[in-house]
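K.L.:
If it helps, the file is called upload04.txt and holds compact mmCIF, C-alpha atoms:
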# COMPACT_ATOMS: atom_id res chain seq x y z
CA MET A 1225 73.36 138.14 44.88
CA SER A 1226 74.88 140.90 42.81
CA THR A 1227 76.96 142.49 45.59
CA LYS A 1228 79.75 140.13 46.58
CA LEU A 1229 82.97 140.58 48.50
CA THR A 1230 86.24 140.65 46.59
CA ARG A 1231 88.91 138.10 47.47
CA ASP A 1232 90.77 140.69 49.53
CA GLN A 1233 87.58 141.57 51.39
CA ILE A 1234 87.00 137.90 52.23
CA ALA A 1235 90.59 137.71 53.49
CA ALA A 1236 90.04 140.79 55.66
CA ARG A 1237 86.89 139.18 57.14
CA VAL A 1238 88.87 136.03 58.01
CA ALA A 1239 91.66 138.11 59.57
CA GLN A 1240 89.08 139.84 61.76
CA ASP A 1241 88.34 136.51 63.53
CA ILE A 1242 91.93 135.43 64.21
CA PRO A 1243 92.70 136.21 67.86
CA GLU A 1244 95.80 137.64 69.53
CA GLY A 1245 98.55 135.09 70.02
CA ALA A 1246 97.15 132.47 67.61
CA TYR A 1247 99.42 130.12 65.68
CA VAL A 1248 97.97 129.95 62.18
CA ASN A 1249 98.70 128.16 58.91
CA LEU A 1250 97.43 129.77 55.69
CA GLY A 1251 96.77 127.32 52.87
CA ILE A 1252 97.87 127.71 49.27
CA GLY A 1253 95.85 130.05 47.04
CA LEU A 1254 93.16 132.35 48.40
CA PRO A 1255 94.06 131.92 52.11
CA THR A 1256 97.53 133.43 51.62
CA LEU A 1257 95.83 136.84 51.24
CA VAL A 1258 94.91 136.76 54.95
CA ALA A 1259 98.52 137.60 55.86
CA ASN A 1260 98.12 141.01 54.24
CA HIS A 1261 95.08 141.91 56.37
CA LEU A 1262 96.08 140.96 59.91
CA PRO A 1263 95.94 144.02 62.20
CA THR A 1264 99.41 145.38 62.96
CA ASP A 1265 98.54 145.77 66.65
CA ARG A 1266 97.69 142.06 66.99
CA GLU A 1267 100.37 139.39 67.28
CA VAL A 1268 99.50 136.40 65.11
CA ILE A 1269 102.23 133.84 64.42
CA LEU A 1270 102.00 132.47 60.89
CA HIS A 1271 103.31 128.99 60.14
CA THR A 1272 104.15 127.53 56.74
CA GLU A 1273 104.71 123.82 56.24
CA ASN A 1274 107.90 124.29 54.26
CA GLY A 1275 109.57 125.30 57.53
CA MET A 1276 108.96 128.80 58.84
CA LEU A 1277 107.27 130.30 61.89
CA GLY A 1278 106.76 134.05 62.08
CA MET A 1279 105.99 134.69 58.43
CA GLY A 1280 105.01 138.24 57.47
CA PRO A 1281 102.88 139.67 54.65
CA ALA A 1282 103.82 139.67 50.99
CA PRO A 1283 106.83 141.90 50.18
CA ALA A 1284 106.54 145.18 48.30
CA LYS A 1285 106.94 144.91 44.54
CA GLY A 1286 110.62 144.77 43.64
CA GLU A 1287 111.64 143.56 47.11
CA GLU A 1288 110.87 139.86 46.61
CA ASP A 1289 113.42 137.30 47.80
CA TYR A 1290 112.68 133.95 46.16
CA ASP A 1291 114.78 132.14 48.76
CA LEU A 1292 112.07 133.20 51.24
CA ILE A 1293 108.78 131.64 50.15
CA ASN A 1294 105.66 130.03 51.56
CA ALA A 1295 104.34 126.57 50.70
CA GLY A 1296 102.73 127.96 47.54
CA LYS A 1297 106.13 129.27 46.36
CA GLN A 1298 105.04 132.89 46.84
CA PRO A 1299 107.61 135.33 48.26
CA VAL A 1300 106.96 136.35 51.88
CA THR A 1301 108.63 138.49 54.52
CA GLU A 1302 110.14 137.77 57.92
CA LEU A 1303 108.78 139.23 61.14
CA PRO A 1304 111.06 139.87 64.15
CA GLY A 1305 111.67 136.60 66.00
CA CYS A 1306 110.84 134.34 63.06
CA SER A 1307 112.46 130.92 62.91
CA PHE A 1308 113.28 128.30 60.28
CA PHE A 1309 113.30 124.52 60.69
CA HIS A 1310 113.22 121.20 58.87
CA HIS A 1311 110.18 120.21 56.83
CA ALA A 1312 109.66 117.17 59.10
CA ASP A 1313 109.57 119.37 62.21
CA SER A 1314 107.02 121.59 60.50
CA PHE A 1315 104.73 118.63 59.84
CA ALA A 1316 105.21 117.46 63.43
CA MET A 1317 103.81 120.83 64.54
CA MET A 1318 100.82 120.34 62.25
CA ARG A 1319 100.13 116.72 63.18
CA GLY A 1320 100.80 117.26 66.87
CA GLY A 1321 97.92 119.69 67.38
CA HIS A 1322 100.13 122.75 67.91
CA LEU A 1323 98.32 125.04 65.44
CA ASP A 1324 95.30 126.97 66.66
CA ILE A 1325 93.81 127.67 63.22
CA CYS A 1326 94.41 126.71 59.62
CA VAL A 1327 92.74 128.55 56.74
CA LEU A 1328 92.20 126.39 53.67
CA GLY A 1329 90.58 126.71 50.27
CA ALA A 1330 87.99 124.14 49.17
CA PHE A 1331 86.16 122.67 46.20
CA GLN A 1332 83.33 121.60 48.53
CA VAL A 1333 82.40 121.65 52.21
CA SER A 1334 79.53 119.52 53.51
CA ALA A 1335 76.91 120.47 56.09
CA GLN A 1336 78.71 118.10 58.49
CA GLY A 1337 82.04 119.89 58.03
CA ASP A 1338 83.63 117.40 55.62
CA LEU A 1339 86.32 119.00 53.46
CA ALA A 1340 87.10 118.26 49.80
CA ASN A 1341 89.96 120.38 48.48
CA TRP A 1342 92.50 118.20 46.70
CA HIS A 1343 90.88 116.65 43.63
CA THR A 1344 87.78 117.25 41.51
CA GLY A 1345 87.94 113.92 39.76
CA ALA A 1346 88.16 115.62 36.37
CA PRO A 1347 90.29 113.65 33.86
CA ASP A 1348 92.70 116.53 33.29
CA ALA A 1349 92.90 117.63 36.95
CA ILE A 1350 96.18 117.25 38.82
CA PRO A 1351 95.53 115.92 42.34
CA ALA A 1352 97.39 117.96 44.95
CA VAL A 1353 96.63 117.14 48.57
CA GLY A 1354 99.89 118.65 49.90
CA GLY A 1355 99.73 119.25 53.65
CA ALA A 1356 95.98 119.88 53.68
CA MET A 1357 95.08 116.49 55.15
CA ASP A 1358 97.54 117.01 58.01
CA LEU A 1359 96.25 120.52 58.66
CA ALA A 1360 92.60 119.46 58.46
CA ILE A 1361 92.95 116.95 61.29
CA GLY A 1362 95.81 118.61 63.21
CA ALA A 1363 94.67 122.22 63.64
CA LYS A 1364 92.35 123.03 66.53
CA GLN A 1365 90.07 124.98 64.18
CA VAL A 1366 89.72 124.74 60.41
CA PHE A 1367 88.48 127.83 58.57
CA VAL A 1368 87.62 127.49 54.88
CA MET A 1369 87.84 130.49 52.58
CA MET A 1370 86.14 130.18 49.18
CA GLU A 1371 83.67 131.72 46.78
CA LEU A 1372 80.26 130.21 47.52
CA THR A 1373 79.49 129.12 43.96
CA THR A 1374 81.32 127.46 41.11
CA ARG A 1375 81.64 129.15 37.71
CA GLU A 1376 78.49 127.26 36.75
CA GLY A 1377 76.59 128.74 39.70
CA GLN A 1378 76.48 125.61 41.87
CA SER A 1379 76.93 125.93 45.63
CA LYS A 1380 80.22 124.64 47.06
CA LEU A 1381 78.53 124.32 50.46
CA VAL A 1382 76.60 121.07 50.03
CA GLN A 1383 74.68 118.42 51.92
CA ALA A 1384 77.32 115.80 51.07
CA CYS A 1385 80.60 116.18 49.15
CA SER A 1386 80.77 114.55 45.73
CA TYR A 1387 84.55 115.01 45.48
CA PRO A 1388 87.17 112.89 47.31
CA LEU A 1389 87.49 114.00 50.94
CA THR A 1390 90.53 115.61 52.51
CA GLY A 1391 89.13 115.39 56.04
CA VAL A 1392 85.92 114.28 57.78
CA ARG A 1393 83.91 116.62 60.05
CA CYS A 1394 86.88 118.96 60.42
CA VAL A 1395 85.63 122.37 59.17
CA SER A 1396 84.32 124.76 61.82
CA ARG A 1397 83.69 127.91 59.78
CA VAL A 1398 83.30 128.80 56.09
CA TYR A 1399 83.99 132.31 54.78
CA THR A 1400 82.57 133.13 51.35
CA ASP A 1401 81.96 136.15 49.14
CA VAL A 1402 78.31 136.37 50.23
CA ALA A 1403 78.13 134.99 53.79
CA VAL A 1404 79.96 133.38 56.71
CA PHE A 1405 78.75 129.98 57.92
CA ASP A 1406 79.42 128.24 61.25
CA ILE A 1407 79.35 124.44 61.07
CA ALA A 1408 78.55 122.52 64.25
CA SER A 1409 77.01 119.20 65.28
CA ASP A 1410 73.55 120.80 65.32
CA GLY A 1411 73.77 122.17 61.77
CA VAL A 1412 74.91 125.16 59.72
CA THR A 1413 74.35 128.69 61.03
CA VAL A 1414 74.76 131.87 58.96
CA ILE A 1415 76.56 134.40 61.17
CA ASP A 1416 77.20 137.14 58.61
CA ILE A 1417 75.59 138.13 55.28
CA PHE A 1418 77.17 140.62 52.88
CA GLY A 1419 75.74 143.10 50.42
CA ASP A 1420 72.22 142.60 49.13
CA THR A 1421 72.17 138.83 49.65
CA THR A 1422 69.00 137.62 51.41
CA PRO A 1423 68.45 134.60 53.68
CA GLU A 1424 65.98 133.26 51.12
CA GLN A 1425 68.66 133.32 48.41
CA LEU A 1426 71.10 131.40 50.62
CA LEU A 1427 68.47 128.80 51.46
CA SER A 1428 67.59 128.37 47.79
CA LEU A 1429 71.18 128.23 46.57
CA THR A 1430 72.57 125.79 49.13
CA GLY A 1431 69.46 123.66 49.59
CA LEU A 1432 70.43 123.32 53.26
CA PRO A 1433 68.23 123.88 56.35
CA LEU A 1434 70.27 126.90 57.41
CA LYS A 1435 69.86 128.71 60.69
CA PHE A 1436 70.48 132.44 61.00
CA ALA A 1437 72.25 134.08 63.92
CA HIS A 1438 70.62 137.49 63.42
What is this file in structure tokens?
P.N.:
Amino acid sequence: MSTKLTRDQIAARVAQDIPEGAYVNLGIGLPTLVANHLPTDREVILHTENGMLGMGPAPAKGEEDYDLINAGKQPVTELPGCSFFHHADSFAMMRGGHLDICVLGAFQVSAQGDLANWHTGAPDAIPAVGGAMDLAIGAKQVFVMMELTTREGQSKLVQACSYPLTGVRCVSRVYTDVAVFDIASDGVTVIDIFGDTTPEQLLSLTGLPLKFAH
């Protein structure tokens, strides 16, 4: 699997699947890149749990305003009609099922859609669940955006998570640098493969009984 998507290319692939009029939360880290790839002719309302609705893409270099940041403390921009509100109201939106999609990073996703993205269990790791558990169970759809393998070459899409769970059976789609996977009650289906990756390589790497849409 020598030809892989860059992080920006993964973000662009995620943005492609976000429909007109959707209310979306982008998680800390890799998912924040999605904001920079949403089509300008499509209205998507971005939510951030620190209290903003109508967030725009990252500002141009030199135009950052550090009083205007997302949950990951990165500077963002305002779109026309954006609004600001209390942190508690923001979490009420998340927990109340008012978000159509959240895009989260992950350490592992299981074949059943379980999500592990807050702690690896390593002695020197700093656990950081943040709002992910609220998003995982509150959003109508949970998209995960991650590189398919660890630095050691192990698949992050697994039969069962070995890390502490953030949410159970909550992930509906996984976007990676080599393929896109749909997760449903009847199993995992590969809906997109990138570059020179083959179905046989995905089967071997994940060890899962994958189905293929094409």
K.L.:
Using only C-alpha atoms, what does the table of region 1322-1401 of chain A residues within 10 Å of region 1418-1430 of chain A look like, with each row giving the shortest atom pair and its distance in Å to one decimal, sorted by chain and ascending number, as a tab-separated table?
P.N.:
residue	atom	partner	partner_atom	distance
A:Ala1335	CA	A:Thr1430	CA	9.8
A:Leu1372	CA	A:Thr1430	CA	9.0
A:Thr1373	CA	A:Leu1429	CA	8.8
A:Gly1377	CA	A:Leu1429	CA	8.8
A:Gln1378	CA	A:Leu1429	CA	7.6
A:Ser1379	CA	A:Thr1430	CA	5.6
A:Lys1380	CA	A:Thr1430	CA	8.0
A:Leu1381	CA	A:Thr1430	CA	6.3
A:Val1382	CA	A:Thr1430	CA	6.3
A:Gln1383	CA	A:Thr1430	CA	8.2
A:Thr1400	CA	A:Phe1418	CA	9.4
A:Asp1401	CA	A:Phe1418	CA	7.5
K.L.:
Check the smallest atom-to-atom distance from each of A:Gly1355, A:Pro1283, A:Gly1251, A:Pro1433 to Val1412 (chain A) using only C-alpha atoms, then report the winner.
P.N.:
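Using only C-alpha atoms, Val1412 (chain A) sits closest to A:Pro1433.
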K.L.:
Between CA of Asp1348 (chain A) and CA of Gly1329 (chain A), measure the distance and give it in Å to one decimal.
P.N.:
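We find that CA of Asp1348 (chain A) and CA of Gly1329 (chain A) lie 19.9 Å from each other.
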K.L.:
Go through A:Val1366, A:Ala1235, A:Ala1408, A:Val1398 and flag the residue nearest Asn1249 (chain A), using only C-alpha atoms for the distances.
P.N.:
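Looking only at the distances to Asn1249 (chain A), the closest residue turns out to be A:Val1366.
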K.L.:
How many Å lie between CA of Val1402 (chain A) and CA of Glu1267 (chain A), rounded to one decimal?
P.N.:
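Interatomic distance here is 28.0 Å.
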K.L.:
Write out as a ChimeraX atom specification each polymer residue whose atoms come within 7 Å of region 1323-1325 of chain A, counting only C-alpha atoms; drop sequence neighbours fewer than 3 positions from it.
P.N.:
/A:1246-1249,1317-1318,1363-1366
K.L.:
Of the candidates A:Gly1320, A:Gly1337, A:Pro1304, A:Gly1345, which one gets nearest to Gly1391 (chain A) if we count all atoms listed in the file?
P.N.:
A:Gly1337
K.L.:
So the first atom is CA of Val1392 (chain A) and the second is CA of Ile1242 (chain A); what is the distance between them in Å, to one decimal place?
P.N.:
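About the pair CA of Val1392 (chain A) and CA of Ile1242 (chain A): they are 22.9 Å apart.
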K.L.:
So that I can see what lies close to region 1404-1406 of chain A, please list as a list in words the residues with an atom at most 8 Å from it, counting only C-alpha atoms and leaving out residues fewer than 6 positions away in the same chain.
P.N.:
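Within the cut-off, the hits are Ser1396, Arg1397, Val1398, Val1412, Thr1413, Val1414, Ile1415, Asp1416 and Ile1417 of chain A.
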